[in-house]
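Below is one structure, written out as structure tokens, with a few remarks after it.
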Amino acid sequence: MINLSLKKNEMPLQDPKERINNFDEVSLGYSLEQAIDEAKRCLACKHKPCVKGCPVEIDIPRFIQKITQGEIEEAYQIIGESSSLPSVCGRVCPQETQCEELCVRAIKGESVAIGRLERFVADYHHNNKHLLIEHVQSNNHKIAVVGSGPSGISCAYDLAQLGYKVTMFEALHIPGGVLVYGIPEFRLPKEIVRTEIKTLQDLGVEIETNVIIGKTLSIEDLFEDGFEAVFIGTGAGLPKFMNIPGEMLNGVYSANEFLTRVNLMKAYHQSSATPIQMAKRVAVIGGGNVAVDAARCAKRLGAEEVSIVYRRSMKELPARLEEIEHAEEEGIIFKLLTNPVQIIGDEKGYVQSIECVQMELGEPDSSGRRRPLIKKDSNFIIEVESVIMAIGTTPNPLITSTTKGLDTNSSGCIITKDDSGKTSREMVFAGGDVVTGAATVILAMGAGRKSAHAIDMKIRSLNQK
Amino acid sequence: MFLITEKRALAPKVSLMKVKAPYVVKHAKPGQFVILRVEENGERVPMTITEANRVDGTITIIFQEIGATTFKMNQLNAGDYLHDFVGPLGRASELEGLKKVAVVGGGVGCAIAYPVAKALHDQGAIVHTIIGFRNKDLIFLEDEFNQCSDMLIVTTDDGSNGNQGFVTNALKKLLESGERYDEVFTIGPLPMMKFVSLTTKPFNIKTIVSMNPIMIDGTGMCGGCRVTVGNEMKFACVDGPDFDGHLVDFDEAIRRNQMYSPFEKRQLDENCNLLRGVKHD
Ligand SMILES: Cc1cc2nc3c(=O)[nH]c(=O)nc-3n(C[C@H](O)[C@H](O)[C@H](O)COP(=O)(O)OP(=O)(O)OC[C@H]3O[C@@H](n4cnc5c(N)ncnc54)[C@H](O)[C@@H]3O)c2cc1C
Ligand SMILES: Cc1cc2nc3c(=O)[nH]c(=O)nc-3n(C[C@H](O)[C@H](O)[C@H](O)COP(=O)(O)OP(=O)(O)OC[C@H]3O[C@@H](n4cnc5c(N)ncnc54)[C@H](O)[C@@H]3O)c2cc1C
Ligand code: SF4
Ligand code: SF4
Ligand code: FES
């Protein structure tokens, strides 16, 4: 029986008044009944338009049909054919511009809540499974995976399942990449990332934290140590600044620093030794997920007035729709068509205010978005004690600057020959943000998978000769 | 977990620690550093590599107890473990081709200056070393420096070792007497490096300083360690820590290092249980 409701089943949420005082997850997840009811909104379209919107082509109608029959574990297995991180992607994918955008139910009313259903299935699996890790017969080939973000995790996962002996190297003291140091607890509980990492370890993947490839060990060292192929999934972690006056004042953070202090170092906990500035008024510059996450963290740390300063309009704001809505409910102020020109400090060198200009939208630029232009004489001041820069990141050069023959483009991204992640170096593959520049979890995950299979093909062909 | 194989005091509040870290040893060079965490939930703190022993796979660090984390570190002994230890970080000091160099160290900065002086000596350069301390009880590594220096001057702020004065005075005297160096290396508190740079400026001697801003990751990811050098923004953990002292904005760096002073003070007091039972926000 098809559910004809034009609206998605609502996601149960933590009350905004409550949640701005804690870091617990905002979205609480569907119950089994809510999930089945929502799944019944899917028309099981033969031509599956939604699938074309998913970068890893999850068989969406097939897994949703299993939910309607209450066969959740089967649904999980179907998702698992295409994705190794459904509990993460169900939470953080920009569904409204991917699978859900193409859903036929969205023509009249709201799309099927594909992301929420995916999350439900993954959580259900994790809560109910009696995990039987099948021990795959080892083929004794050693592969190194560098970086433990979504691209590295999915690459390692698939290789391990194919029988490879995988060692994952991570620069930080905890594995997970942006999933642990960037995306906050209230959006993606770290327990979920730990579970995914634990699964990897159960599959036999060795994880070496505190090892920076390019510094601690070089790519050459890895080959000398007997690794036959290397996958580089080191992300795009180098923060950009705006090059405006005042960026060196005390109280100016990159979003990475702010979020790392809060998430990775748990500065919001009394028990953490890592300090963070407790500002009453905070301005976050930028409009992506990173900006919204930083703003919502600042609110939770006790800031009274948090603004997101973005130079285009609400329509162009690149953050996930759901997060924008949640941020608005939490009282985050969106100062749109606004751009900072300088940060002003007090006599001791602490941030006092930012000077901004008003913008208007002109003709579309190369990205297809309308170019923001400065309105003359529109300068004004916003008083704040802290400014967080969330205007983008690029790949760090730790590996590329110490590895011979590894080609990069002008933004420092590793160049790959095709979507299997082959680089200019023999037996070195790369994928995720380090190739594309800052993108999304699902794209990084998909890239890691493709490389895993390309590595497998390559090693098989070498061993047939 | 990283085993501490040796720990001894060198001076009041200054200790030497050897840590088993075979991975870090492999590529470590003078001028590079590690980042460590003492315990779960601990802060990530940077420490310079004093020595990398390729035979037993240990890294030697020398640290001064100044705040909460270094206080906890100083409670540990041989047989204990550090939770995390990653490196070598930063760029190695550029020493190639240098024939005559003055190495100027202040306080715990001498620990950082030592591997540089030793490497220079080992490559056959003439090394004049000036190290300064607040008083004679705080002097450490004097013998080690003696062995790798063609001339060693040890100053104390209070004159308790019989040679009162700041390192800058001693350096200035040498320069005024006509000594010339390919480069001056200076490592110590920011104000000291600032004044050493000011001292060498009129003599036009290239002066390398080792910056020590607040760091988190040490991989170029947070930007917290940024310093202004020649009007450009640099990340000390990947572009440094060595920079041209004549181009560094020291006043800004000094200000930025004090960013968390109130928090750090509280953290230390909590460690010492001074705040037990006292309500604070
Ligand atoms: C705050 C924030 C919010 C985001 N929100 C969303 C969202 O809602 N939805 C979404 O789809 N995407 C989101 N993204 C983007 C998404 O997280 C990234 O696109 C994705 O994590 C990229 O994965 P990756 O595996 O390529 O790299 P990363 O996740 O960046 O992982 C790279 C890992 O490699 C390690 N590393 C780097 N260099 C070395 C080295 N030399 N040696 C060893 N290890 C190294 C790093 O420490 C890191 O752990 C967000 C990003 C941020 C920062
Ligand atoms: C590249 C580099 C190399 C260093 N090498 C040595 C060394 O060989 N021996 C040594 O004794 N010290 C060294 N330091 C300084 C050392 O990291 C700090 O003394 C230590 O972090 C203080 O921590 P704390 O918690 O004990 O003190 P806190 O009370 O937290 O801080 C006291 C002061 O230390 C500095 N500091 C605090 N946190 C950090 C941090 N995360 N990163 C950098 N500085 C910080 C600040 O200026 C602060 O005001 C080095 C610093 C850098 C950046
Ligand atoms: S992975 Fe992302 S795009 Fe694909 S179905 Fe799931 S939510 Fe949609
Ligand atoms: S397009 Fe929408 S309704 Fe059709 S199969 Fe996909 S999710 Fe179901
Ligand atoms: S310590 Fe984070 S960028 Fe240097």
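We label chains A, B, ... in the order they appear in the structure tokens, count residues from 1 in each chain, and number ligands from 1 in the order shown.
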Compile a residue-level contact table for chain B against chain A at a cut-off of 6 Å, reporting for every qualifying residue the shortest atom pair and its distance in Å to one decimal, with only C-alpha atoms counted, rows ordered by chain and ascending number, as a Markdown table.
```
| residue | atom | partner | partner_atom | distance |
| --- | --- | --- | --- | --- |
| B:Val24 | CA | A:Thr216 | CA | 5.6 |
| B:Asn41 | CA | A:Ser272 | CA | 5.3 |
| B:Gly42 | CA | A:Ala273 | CA | 5.3 |
| B:Glu43 | CA | A:Ala273 | CA | 5.2 |
| B:Val86 | CA | A:Asn210 | CA | 4.9 |
| B:Gly87 | CA | A:Thr216 | CA | 5.8 |
| B:Pro88 | CA | A:Thr216 | CA | 5.9 |
| B:Gly220 | CA | A:Leu238 | CA | 5.9 |
| B:Met221 | CA | A:Leu238 | CA | 4.9 |
| B:Cys222 | CA | A:Glu257 | CA | 4.2 |
| B:Arg256 | CA | A:Asn250 | CA | 5.9 |
```
Self-check item: Surroundings of ligand 1 up to 6 Å, based on only C-alpha atoms and all ligand atoms, as an MDAnalysis selection string
Solution: chainID A and resid 92:94 146:152 169:172 176:179 182:183 211:214 233:237 289:290 293 398:399 432:434 438:442 444
Practice problem: Kindly work out which residues sit at most 6 Å from ligand 5, using only C-alpha atoms and all ligand atoms, and give the list as an NGL selection string. | Solution: :B and (215-225 or 235-237)
Env of Glu330 of chain A: 7 Å cut, atoms = only C-alpha atoms, seq-sep filter 3 positions within chain, self excluded. Answer as a compact mmCIF listing (two decimals) with N, CA and C atoms, in the first residue's frame.
```
# COMPACT_ATOMS: atom_id res chain seq x y z
N PRO A 16 15.37 22.67 19.90
CA PRO A 16 16.46 23.65 19.70
C PRO A 16 16.90 24.32 21.00
N ILE A 20 21.05 23.60 22.01
CA ILE A 20 22.15 24.57 21.94
C ILE A 20 23.01 24.51 23.20
N HIS A 326 18.34 23.71 10.61
CA HIS A 326 18.64 23.48 12.03
C HIS A 326 19.37 24.67 12.62
N ALA A 327 20.27 25.26 11.84
CA ALA A 327 21.02 26.41 12.34
C ALA A 327 20.07 27.57 12.61
```
Quiz item: Within 10 Å of ligand 4, counting only C-alpha atoms and all ligand atoms: which residues, as a VMD selection string?
Solution: chain A and resid 39 to 53 59 to 65 99 to 107 110 to 114
Self-check item: 7 Å contact set for Ile35 of chain B, only C-alpha atoms, chain neighbours under 3 positions out, as an NGL selection string
Solution: :B and (44-47 or 85-87)
Practice problem: Residues within 7 Å of ligand 2, counting only C-alpha atoms and all ligand atoms: report them as a PyMOL selection string. | Solution: chain B and resi 33+43-49+61-71+108-109+111-112+211-216+237+241+257-258+260-261+264-265+268
Written file, previous selection with N, CA and C atoms, as a compact mmCIF listing (two decimals), in the first residue's frame:
```
# COMPACT_ATOMS: atom_id res chain seq x y z
N PHE B 33 60.88 18.71 14.90
CA PHE B 33 60.27 18.52 16.21
C PHE B 33 59.25 17.39 16.18
N GLU B 43 46.61 17.57 25.84
CA GLU B 43 46.86 18.54 24.79
C GLU B 43 47.97 18.02 23.89
N ARG B 44 47.96 18.44 22.64
CA ARG B 44 49.06 18.11 21.73
C ARG B 44 50.12 19.19 21.90
N VAL B 45 51.32 18.82 22.34
CA VAL B 45 52.36 19.83 22.51
C VAL B 45 53.61 19.49 21.70
N PRO B 46 54.20 20.51 21.08
CA PRO B 46 55.40 20.30 20.28
C PRO B 46 56.67 20.34 21.14
N MET B 47 57.63 19.50 20.79
CA MET B 47 58.95 19.49 21.45
C MET B 47 60.01 19.21 20.39
N THR B 48 61.11 19.94 20.47
CA THR B 48 62.17 19.76 19.48
C THR B 48 62.93 18.47 19.72
N ILE B 49 63.38 17.86 18.65
CA ILE B 49 64.18 16.64 18.74
C ILE B 49 65.61 17.05 19.07
N ILE B 61 64.21 14.29 23.95
CA ILE B 61 63.69 15.64 24.02
C ILE B 61 64.12 16.25 25.34
N ILE B 62 64.25 17.55 25.36
CA ILE B 62 64.55 18.25 26.61
C ILE B 62 63.46 19.28 26.78
N PHE B 63 62.81 19.25 27.95
CA PHE B 63 61.69 20.17 28.10
C PHE B 63 61.73 20.89 29.43
N GLN B 64 61.08 22.03 29.41
CA GLN B 64 61.00 22.83 30.62
C GLN B 64 59.57 22.75 31.12
N GLU B 65 59.43 22.58 32.43
CA GLU B 65 58.10 22.53 33.01
C GLU B 65 57.59 23.96 33.15
N ILE B 66 56.61 24.31 32.31
CA ILE B 66 56.08 25.67 32.44
C ILE B 66 54.57 25.71 32.61
N GLY B 67 53.90 24.65 32.24
CA GLY B 67 52.45 24.68 32.35
C GLY B 67 51.93 23.30 32.65
N ALA B 68 50.62 23.12 32.45
CA ALA B 68 49.95 21.90 32.87
C ALA B 68 50.53 20.65 32.20
N THR B 69 50.73 20.73 30.89
CA THR B 69 51.16 19.52 30.20
C THR B 69 52.60 19.16 30.53
N THR B 70 53.46 20.16 30.54
CA THR B 70 54.86 19.87 30.85
C THR B 70 55.02 19.46 32.33
N PHE B 71 54.12 19.94 33.18
CA PHE B 71 54.11 19.50 34.58
C PHE B 71 53.83 18.00 34.63
N VAL B 108 65.54 27.20 27.93
CA VAL B 108 65.29 25.86 27.39
C VAL B 108 65.56 25.83 25.88
N GLY B 109 65.57 26.98 25.26
CA GLY B 109 65.92 27.07 23.83
C GLY B 109 67.28 26.45 23.55
N ALA B 111 68.23 23.66 24.42
CA ALA B 111 67.99 22.27 24.04
C ALA B 111 67.77 22.18 22.54
N ILE B 112 67.16 23.21 22.01
CA ILE B 112 66.85 23.23 20.58
C ILE B 112 68.09 23.64 19.79
N MET B 211 60.89 29.54 15.45
CA MET B 211 59.64 30.05 16.04
C MET B 211 58.89 28.94 16.78
N ASN B 212 58.24 29.34 17.87
CA ASN B 212 57.49 28.36 18.65
C ASN B 212 56.08 28.81 18.97
N PRO B 213 55.26 29.00 17.94
CA PRO B 213 53.87 29.39 18.16
C PRO B 213 53.06 28.23 18.71
N ILE B 214 51.85 28.52 19.13
CA ILE B 214 50.96 27.47 19.61
C ILE B 214 50.55 26.59 18.43
N MET B 215 50.68 25.29 18.62
CA MET B 215 50.38 24.35 17.53
C MET B 215 49.35 23.33 17.98
N ILE B 216 48.68 22.75 17.01
CA ILE B 216 47.80 21.61 17.35
C ILE B 216 48.27 20.39 16.56
N CYS B 237 54.59 25.19 11.38
CA CYS B 237 54.79 23.74 11.47
C CYS B 237 55.23 23.13 10.15
N PRO B 241 60.06 25.28 11.50
CA PRO B 241 59.98 26.44 12.40
C PRO B 241 61.06 27.51 12.16
N ASN B 257 51.07 34.16 21.24
CA ASN B 257 51.40 33.07 22.17
C ASN B 257 50.71 33.22 23.52
N GLN B 258 50.21 34.43 23.79
CA GLN B 258 49.56 34.63 25.09
C GLN B 258 48.05 34.43 25.02
N TYR B 260 46.01 32.05 25.21
CA TYR B 260 45.28 31.19 26.14
C TYR B 260 45.80 31.29 27.57
N SER B 261 46.56 32.35 27.86
CA SER B 261 47.20 32.44 29.18
C SER B 261 46.24 32.18 30.34
N GLU B 264 45.42 28.52 30.51
CA GLU B 264 46.59 27.71 30.87
C GLU B 264 46.88 27.81 32.36
N LYS B 265 46.72 29.00 32.88
CA LYS B 265 46.96 29.23 34.30
C LYS B 265 46.00 28.36 35.10
N LEU B 268 46.83 24.68 35.03
CA LEU B 268 47.97 24.34 35.88
C LEU B 268 47.51 24.30 37.34
```
